[in-house]
>>> print(open('start.pdb').read())   # PDB, C-alpha atoms
ATOM      1  CA  GLY A   1       0.437 -64.089  57.414
ATOM      2  CA  ALA A   2       2.506 -66.730  59.103
ATOM      3  CA  VAL A   3       6.241 -66.134  59.103
ATOM      4  CA  VAL A   4       9.096 -68.514  59.752
ATOM      5  CA  SER A   5      12.481 -66.982  60.430
ATOM      6  CA  GLN A   6      15.572 -69.071  59.720
ATOM      7  CA  HIS A   7      19.088 -68.111  60.751
ATOM      8  CA  PRO A   8      21.772 -67.882  59.663
ATOM      9  CA  SER A   9      21.137 -67.438  55.956
ATOM     10  CA  ARG A  10      24.724 -68.343  55.132
ATOM     11  CA  VAL A  11      27.459 -70.001  57.128
ATOM     12  CA  ILE A  12      30.936 -71.207  56.328
ATOM     13  CA  CYS A  13      32.588 -73.541  58.770
ATOM     14  CA  LYS A  14      35.682 -75.671  58.967
ATOM     15  CA  SER A  15      35.574 -79.440  58.706
ATOM     16  CA  GLY A  16      35.046 -81.067  62.058
ATOM     17  CA  THR A  17      33.178 -78.193  63.631
ATOM     18  CA  SER A  18      29.467 -78.011  64.431
ATOM     19  CA  VAL A  19      26.931 -75.571  63.087
ATOM     20  CA  LYS A  20      23.538 -74.714  64.535
ATOM     21  CA  ILE A  21      20.654 -73.500  62.398
ATOM     22  CA  GLU A  22      17.600 -71.942  64.011
ATOM     23  CA  CYS A  23      14.052 -71.950  62.774
ATOM     24  CA  ARG A  24      11.478 -69.772  64.531
ATOM     25  CA  SER A  25       7.773 -69.353  63.943
ATOM     26  CA  LEU A  26       7.213 -65.666  64.604
ATOM     27  CA  ASP A  27       3.480 -65.283  64.869
ATOM     28  CA  PHE A  28       2.108 -68.737  65.425
ATOM     29  CA  GLN A  29       2.824 -71.831  67.438
ATOM     30  CA  ALA A  30       4.280 -74.747  65.560
ATOM     31  CA  THR A  31       4.033 -78.087  67.283
ATOM     32  CA  THR A  32       5.589 -79.658  64.226
ATOM     33  CA  MET A  33       8.470 -78.406  62.150
ATOM     34  CA  PHE A  34      10.251 -80.048  59.263
ATOM     35  CA  TRP A  35      13.837 -79.937  58.057
ATOM     36  CA  TYR A  36      14.815 -80.346  54.426
ATOM     37  CA  ARG A  37      18.130 -80.486  52.610
ATOM     38  CA  GLN A  38      18.645 -79.430  49.034
ATOM     39  CA  PHE A  39      21.740 -80.132  46.960
ATOM     40  CA  PRO A  40      22.505 -77.962  43.926
ATOM     41  CA  LYS A  41      20.063 -78.430  41.060
ATOM     42  CA  GLN A  42      18.083 -80.977  43.041
ATOM     43  CA  SER A  43      14.818 -81.019  44.902
ATOM     44  CA  LEU A  44      14.114 -80.703  48.602
ATOM     45  CA  MET A  45      14.646 -83.907  50.522
ATOM     46  CA  LEU A  46      12.896 -84.299  53.849
ATOM     47  CA  MET A  47      15.423 -85.002  56.586
ATOM     48  CA  ALA A  48      13.335 -85.117  59.714
ATOM     49  CA  THR A  49      10.135 -84.134  61.422
ATOM     50  CA  SER A  50      10.595 -82.177  64.623
ATOM     51  CA  ASN A  51       7.937 -82.409  67.297
ATOM     52  CA  GLU A  52       7.826 -80.031  70.242
ATOM     53  CA  GLY A  53       8.832 -81.751  73.433
ATOM     54  CA  SER A  54       9.696 -85.089  71.893
ATOM     55  CA  LYS A  55      12.350 -86.724  69.771
ATOM     56  CA  ALA A  56      12.541 -85.951  66.118
ATOM     57  CA  THR A  57      11.587 -88.518  63.516
ATOM     58  CA  TYR A  58      14.315 -88.989  60.943
ATOM     59  CA  GLU A  59      13.907 -90.142  57.366
ATOM     60  CA  GLN A  60      15.681 -93.241  56.224
ATOM     61  CA  GLY A  61      19.347 -92.626  55.554
ATOM     62  CA  VAL A  62      19.615 -89.493  57.698
ATOM     63  CA  GLU A  63      22.015 -89.894  60.607
ATOM     64  CA  LYS A  64      20.332 -88.698  63.781
ATOM     65  CA  ASP A  65      23.635 -88.386  65.633
ATOM     66  CA  LYS A  66      25.017 -86.158  62.929
ATOM     67  CA  PHE A  67      21.978 -83.966  62.453
ATOM     68  CA  LEU A  68      20.749 -83.128  65.926
ATOM     69  CA  ILE A  69      17.308 -81.642  66.119
ATOM     70  CA  ASN A  70      15.897 -79.906  69.156
ATOM     71  CA  HIS A  71      12.360 -78.565  69.378
ATOM     72  CA  ALA A  72      12.268 -77.240  72.911
ATOM     73  CA  SER A  73       9.463 -74.727  72.463
ATOM     74  CA  LEU A  74       6.415 -74.178  70.312
ATOM     75  CA  THR A  75       8.217 -71.512  68.309
ATOM     76  CA  LEU A  76      11.775 -72.780  67.947
ATOM     77  CA  SER A  77      13.431 -75.770  66.354
ATOM     78  CA  THR A  78      17.166 -76.077  65.838
ATOM     79  CA  LEU A  79      19.239 -78.281  63.554
ATOM     80  CA  THR A  80      22.850 -78.846  64.542
ATOM     81  CA  VAL A  81      25.170 -80.335  61.974
ATOM     82  CA  THR A  82      27.849 -82.015  64.063
ATOM     83  CA  SER A  83      31.389 -82.726  62.934
ATOM     84  CA  ALA A  84      30.637 -81.173  59.593
ATOM     85  CA  HIS A  85      32.325 -82.441  56.449
ATOM     86  CA  PRO A  86      32.459 -80.922  52.972
ATOM     87  CA  GLU A  87      29.785 -83.353  51.792
ATOM     88  CA  ASP A  88      27.400 -81.752  54.300
ATOM     89  CA  SER A  89      27.593 -78.537  52.294
ATOM     90  CA  SER A  90      24.047 -77.931  51.172
ATOM     91  CA  PHE A  91      21.012 -75.678  51.419
ATOM     92  CA  TYR A  92      18.950 -76.445  54.527
ATOM     93  CA  ILE A  93      15.342 -75.288  54.768
ATOM     94  CA  CYS A  94      12.898 -75.542  57.631
ATOM     95  CA  SER A  95       9.138 -75.533  57.473
ATOM     96  CA  ALA A  96       6.433 -75.209  60.072
ATOM     97  CA  ARG A  97       2.926 -76.613  59.914
ATOM     98  CA  GLN A  98       0.103 -74.369  60.937
ATOM     99  CA  SER A  99      -3.634 -74.626  60.856
ATOM    100  CA  GLU A 100      -4.946 -74.818  57.312
ATOM    101  CA  ARG A 101      -7.562 -72.209  58.061
ATOM    102  CA  GLY A 102      -7.242 -69.615  55.377
ATOM    103  CA  GLY A 103      -3.872 -70.843  54.160
ATOM    104  CA  HIS A 104      -1.912 -73.641  52.591
ATOM    105  CA  GLY A 105      -0.750 -74.903  55.955
ATOM    106  CA  TYR A 106       3.014 -74.866  55.543
ATOM    107  CA  THR A 107       5.361 -71.948  55.942
ATOM    108  CA  PHE A 108       9.002 -72.134  54.910
ATOM    109  CA  GLY A 109      12.060 -70.398  56.215
ATOM    110  CA  SER A 110      14.325 -68.648  53.744
ATOM    111  CA  GLY A 111      16.981 -71.345  54.013
ATOM    112  CA  THR A 112      20.566 -71.647  55.198
ATOM    113  CA  ARG A 113      23.444 -72.105  52.803
ATOM    114  CA  LEU A 114      26.061 -74.204  54.595
ATOM    115  CA  THR A 115      29.555 -74.447  53.175
ATOM    116  CA  VAL A 116      32.046 -76.702  54.902
ATOM    117  CA  VAL A 117      35.674 -76.065  53.998
TER     118      VAL A 117
ATOM    119  CA  SER B 118      11.659 -89.443  50.356
ATOM    120  CA  GLN B 119      10.187 -88.000  47.176
ATOM    121  CA  GLN B 120       6.810 -88.471  45.666
ATOM    122  CA  GLY B 121       7.689 -88.907  42.058
ATOM    123  CA  GLU B 122       8.704 -87.393  38.814
ATOM    124  CA  GLU B 123       8.202 -84.035  37.273
ATOM    125  CA  ASP B 124       8.620 -83.448  33.630
ATOM    126  CA  PRO B 125      10.195 -81.924  31.886
ATOM    127  CA  GLN B 126      13.268 -81.566  34.071
ATOM    128  CA  ALA B 127      14.202 -78.454  32.148
ATOM    129  CA  LEU B 128      12.174 -76.202  29.889
ATOM    130  CA  SER B 129      13.378 -73.270  27.791
ATOM    131  CA  ILE B 130      10.881 -70.961  26.132
ATOM    132  CA  GLN B 131      10.549 -67.447  24.770
ATOM    133  CA  GLU B 132       8.705 -64.671  26.526
ATOM    134  CA  GLY B 133       5.017 -64.728  25.736
ATOM    135  CA  GLU B 134       4.870 -68.478  25.278
ATOM    136  CA  ASN B 135       3.076 -70.807  27.649
ATOM    137  CA  ALA B 136       4.940 -73.213  29.909
ATOM    138  CA  THR B 137       3.469 -76.507  31.050
ATOM    139  CA  MET B 138       4.996 -78.615  33.774
ATOM    140  CA  ASN B 139       3.754 -81.992  34.912
ATOM    141  CA  CYS B 140       4.019 -83.773  38.220
ATOM    142  CA  SER B 141       3.224 -87.316  39.247
ATOM    143  CA  TYR B 142       2.890 -88.664  42.756
ATOM    144  CA  LYS B 143       2.570 -92.046  44.348
ATOM    145  CA  THR B 144       0.433 -91.974  47.472
ATOM    146  CA  SER B 145      -3.053 -90.768  48.316
ATOM    147  CA  ILE B 146      -3.090 -87.058  49.039
ATOM    148  CA  ASN B 147      -5.089 -84.404  50.809
ATOM    149  CA  ASN B 148      -3.866 -81.643  48.557
ATOM    150  CA  LEU B 149      -1.152 -80.798  46.070
ATOM    151  CA  GLN B 150       0.775 -77.566  46.047
ATOM    152  CA  TRP B 151       3.090 -75.866  43.602
ATOM    153  CA  TYR B 152       6.078 -73.836  44.712
ATOM    154  CA  ARG B 153       8.577 -71.673  42.944
ATOM    155  CA  GLN B 154      12.226 -71.264  43.854
ATOM    156  CA  ASN B 155      14.614 -68.759  42.399
ATOM    157  CA  SER B 156      18.194 -69.953  42.261
ATOM    158  CA  GLY B 157      19.640 -70.338  45.744
ATOM    159  CA  ARG B 158      16.637 -68.775  47.417
ATOM    160  CA  GLY B 159      13.690 -69.895  49.520
ATOM    161  CA  LEU B 160      10.379 -71.255  48.362
ATOM    162  CA  VAL B 161       7.409 -69.218  47.244
ATOM    163  CA  HIS B 162       3.999 -70.830  47.490
ATOM    164  CA  LEU B 163       2.079 -70.498  44.238
ATOM    165  CA  ILE B 164      -1.140 -72.420  44.461
ATOM    166  CA  LEU B 165      -2.875 -75.251  46.300
ATOM    167  CA  ILE B 166      -5.378 -77.646  44.828
ATOM    168  CA  ARG B 167      -7.350 -79.988  47.035
ATOM    169  CA  SER B 168      -7.926 -83.632  46.204
ATOM    170  CA  ASN B 169     -11.591 -83.001  45.422
ATOM    171  CA  GLU B 170     -10.774 -80.235  42.945
ATOM    172  CA  ARG B 171      -9.887 -80.776  39.300
ATOM    173  CA  GLU B 172      -8.732 -77.346  38.197
ATOM    174  CA  LYS B 173      -7.738 -74.086  39.782
ATOM    175  CA  HIS B 174      -6.664 -70.702  38.477
ATOM    176  CA  SER B 175      -4.613 -67.924  39.974
ATOM    177  CA  GLY B 176      -3.633 -65.061  37.690
ATOM    178  CA  ARG B 177      -1.489 -66.528  34.898
ATOM    179  CA  LEU B 178      -1.350 -69.885  36.633
ATOM    180  CA  ARG B 179      -3.606 -72.823  35.939
ATOM    181  CA  VAL B 180      -3.305 -76.062  37.852
ATOM    182  CA  THR B 181      -5.046 -79.321  37.114
ATOM    183  CA  LEU B 182      -5.253 -82.424  39.248
ATOM    184  CA  ASP B 183      -6.138 -85.936  38.147
ATOM    185  CA  THR B 184      -6.275 -88.147  41.208
ATOM    186  CA  SER B 185      -7.073 -91.239  39.141
ATOM    187  CA  LYS B 186      -3.751 -90.828  37.348
ATOM    188  CA  LYS B 187      -2.008 -89.335  40.372
ATOM    189  CA  SER B 188      -0.811 -86.414  38.318
ATOM    190  CA  SER B 189      -0.976 -82.657  38.191
ATOM    191  CA  SER B 190       0.031 -79.992  35.733
ATOM    192  CA  LEU B 191       1.004 -76.358  36.120
ATOM    193  CA  LEU B 192       0.456 -74.027  33.197
ATOM    194  CA  ILE B 193       2.010 -70.575  33.161
ATOM    195  CA  THR B 194       0.502 -68.461  30.425
ATOM    196  CA  ALA B 195       2.162 -65.534  28.654
ATOM    197  CA  SER B 196       5.465 -66.233  30.348
ATOM    198  CA  ARG B 197       7.891 -63.492  31.325
ATOM    199  CA  ALA B 198      11.619 -63.497  31.895
ATOM    200  CA  ALA B 199      10.880 -63.051  35.592
ATOM    201  CA  ASP B 200       9.186 -66.463  35.594
ATOM    202  CA  THR B 201      12.620 -68.045  35.225
ATOM    203  CA  ALA B 202      12.947 -70.310  38.268
ATOM    204  CA  SER B 203      12.574 -73.890  39.433
ATOM    205  CA  TYR B 204       9.062 -75.145  40.038
ATOM    206  CA  PHE B 205       8.190 -77.953  42.408
ATOM    207  CA  CYS B 206       5.032 -79.790  43.187
ATOM    208  CA  ALA B 207       4.537 -80.979  46.737
ATOM    209  CA  THR B 208       1.981 -83.261  48.260
ATOM    210  CA  ALA B 209       0.587 -83.805  51.716
ATOM    211  CA  ASN B 210      -1.317 -86.862  52.798
ATOM    212  CA  ASN B 211      -4.288 -86.996  55.079
ATOM    213  CA  GLN B 212      -2.421 -87.549  58.297
ATOM    214  CA  ALA B 213      -1.929 -84.634  60.634
ATOM    215  CA  GLY B 214       1.642 -83.592  61.263
ATOM    216  CA  THR B 215       3.058 -84.985  58.053
ATOM    217  CA  ALA B 216       5.505 -83.122  55.906
ATOM    218  CA  LEU B 217       5.178 -81.910  52.372
ATOM    219  CA  ILE B 218       6.941 -84.239  49.989
ATOM    220  CA  PHE B 219       8.436 -82.587  46.937
ATOM    221  CA  GLY B 220       8.766 -83.708  43.363
ATOM    222  CA  LYS B 221      12.059 -83.408  41.528
ATOM    223  CA  GLY B 222      11.174 -80.093  39.962
ATOM    224  CA  THR B 223      11.260 -78.405  36.597
ATOM    225  CA  THR B 224      13.767 -75.689  35.808
ATOM    226  CA  LEU B 225      12.125 -73.081  33.606
ATOM    227  CA  SER B 226      14.146 -70.613  31.602
ATOM    228  CA  VAL B 227      12.293 -67.805  29.842
ATOM    229  CA  SER B 228      14.337 -65.736  27.454
ATOM    230  CA  SER B 229      13.394 -62.278  26.242
TER     231      SER B 229
END
>>> encode(input="start.pdb", output="structure tokens")
Amino acid sequence: GAVVSQHPSRVICKSGTSVKIECRSLDFQATTMFWYRQFPKQSLMLMATSNEGSKATYEQGVEKDKFLINHASLTLSTLTVTSAHPEDSSFYICSARQSERGGHGYTFGSGTRLTVV
Amino acid sequence: SQQGEEDPQALSIQEGENATMNCSYKTSINNLQWYRQNSGRGLVHLILIRSNEREKHSGRLRVTLDTSKKSSSLLITASRAADTASYFCATANNQAGTALIFGKGTTLSVSS
């Protein structure tokens, strides 16, 4: 089955630094990937849609200059949290859309727990 | 953005009992999916029901979909302690390249 690898699984960084999270589709090409953020005891909130070779589409209220998304290849999308602050501490999850043939169409990474101190 | 509400927000039951969770959504959909998430972990896909289906079964899971009411329910029968997790519904519309939008979720606690 389709696999999406997300790294790192956990990261602790100091306030003001930047953190990059990678999301790779291992056995399929993903022209579209999605980034979600999840605060404790809450649901997943869509942050942005990442399209290979073009600019990401951000949801309302998500700062594009703070959450930089790059989708340079059909198998890799990255989310960089710039100038991180403690309020950016959250669980970040990526997802890739694949053909719905034989499957539910969306594959999720295992998530990244970001803690900003 | 989120599609809508799930209820209950939290549900506590004993092993062996059935658990029913409901989900409502707002827009037209192509399909509706249910996911499970253990605390602090990734998502596990449980079941997908298409917009032209009304009911679907998978093992101890039963999902219904009422597109006229824009609602779905997930029934877990004969619950086990290992079913303790958060459950989310997620919807996708008919446009290609669109993301899954998640409901607020139900936290299920099954005690032995």
>>> closest_residue(input="start.pdb", among="A:Thr107, A:Asn70, A:Ser25, A:Thr75", to="chain B", atoms="only C-alpha atoms")
A:Thr107
>>> resolve_selection(input="start.pdb", expression="the PyMOL selection byres ((chain A) within 7 of (chain B))", output="MDAnalysis selection string")
chainID A and resid 32 34 42:46 104 108:111
>>> closest_residue(input="start.pdb", among="A:Met33, A:Val3, A:Val116, A:Cys13", to="Thr78 of chain A", atoms="all atoms listed in the file")
A:Met33
>>> residues_around(input="start.pdb", residues="His174 of chain B", least_positions_apart="2", cutoff="10 Å", atoms="all atoms listed in the file", output="count of residues only")
12
>>> closest_residue(input="start.pdb", among="A:Gln98, A:Pro40, A:Trp35, A:Thr80", to="Glu59 of chain A", atoms="only C-alpha atoms")
A:Trp35
>>> closest_residue(input="start.pdb", among="A:Val117, A:His7, A:Gly105, A:Thr57", to="Glu87 of chain A", atoms="all atoms listed in the file")
A:Val117
>>> atom_distance(input="start.pdb", atom1="atom CA of Thr112 of chain A", atom2="atom CA of Ser226 of chain B")
24.5 Å
>>> atom_distance(input="start.pdb", atom1="atom CA of Tyr92 of chain A", atom2="atom CA of Gln38 of chain A")
6.3 Å
>>> axis_aligned_box(input="start.pdb", around="segment 192-202 of chain B", padding_each_side="8 Å", output="JSON")
{"center_x": 6.7, "center_y": -68.5, "center_z": 33.5, "size_x": 28.5, "size_y": 27.0, "size_z": 25.6}
>>> atom_distance(input="start.pdb", atom1="atom CA of Asn210 of chain B", atom2="atom CA of Thr144 of chain B")
7.6 Å
>>> residues_around(input="start.pdb", residues="Ser145 of chain B", least_positions_apart="6", cutoff="10 Å", atoms="all atoms listed in the file", output="PyMOL selection string")
chain B and resi 168+184+187+208-211
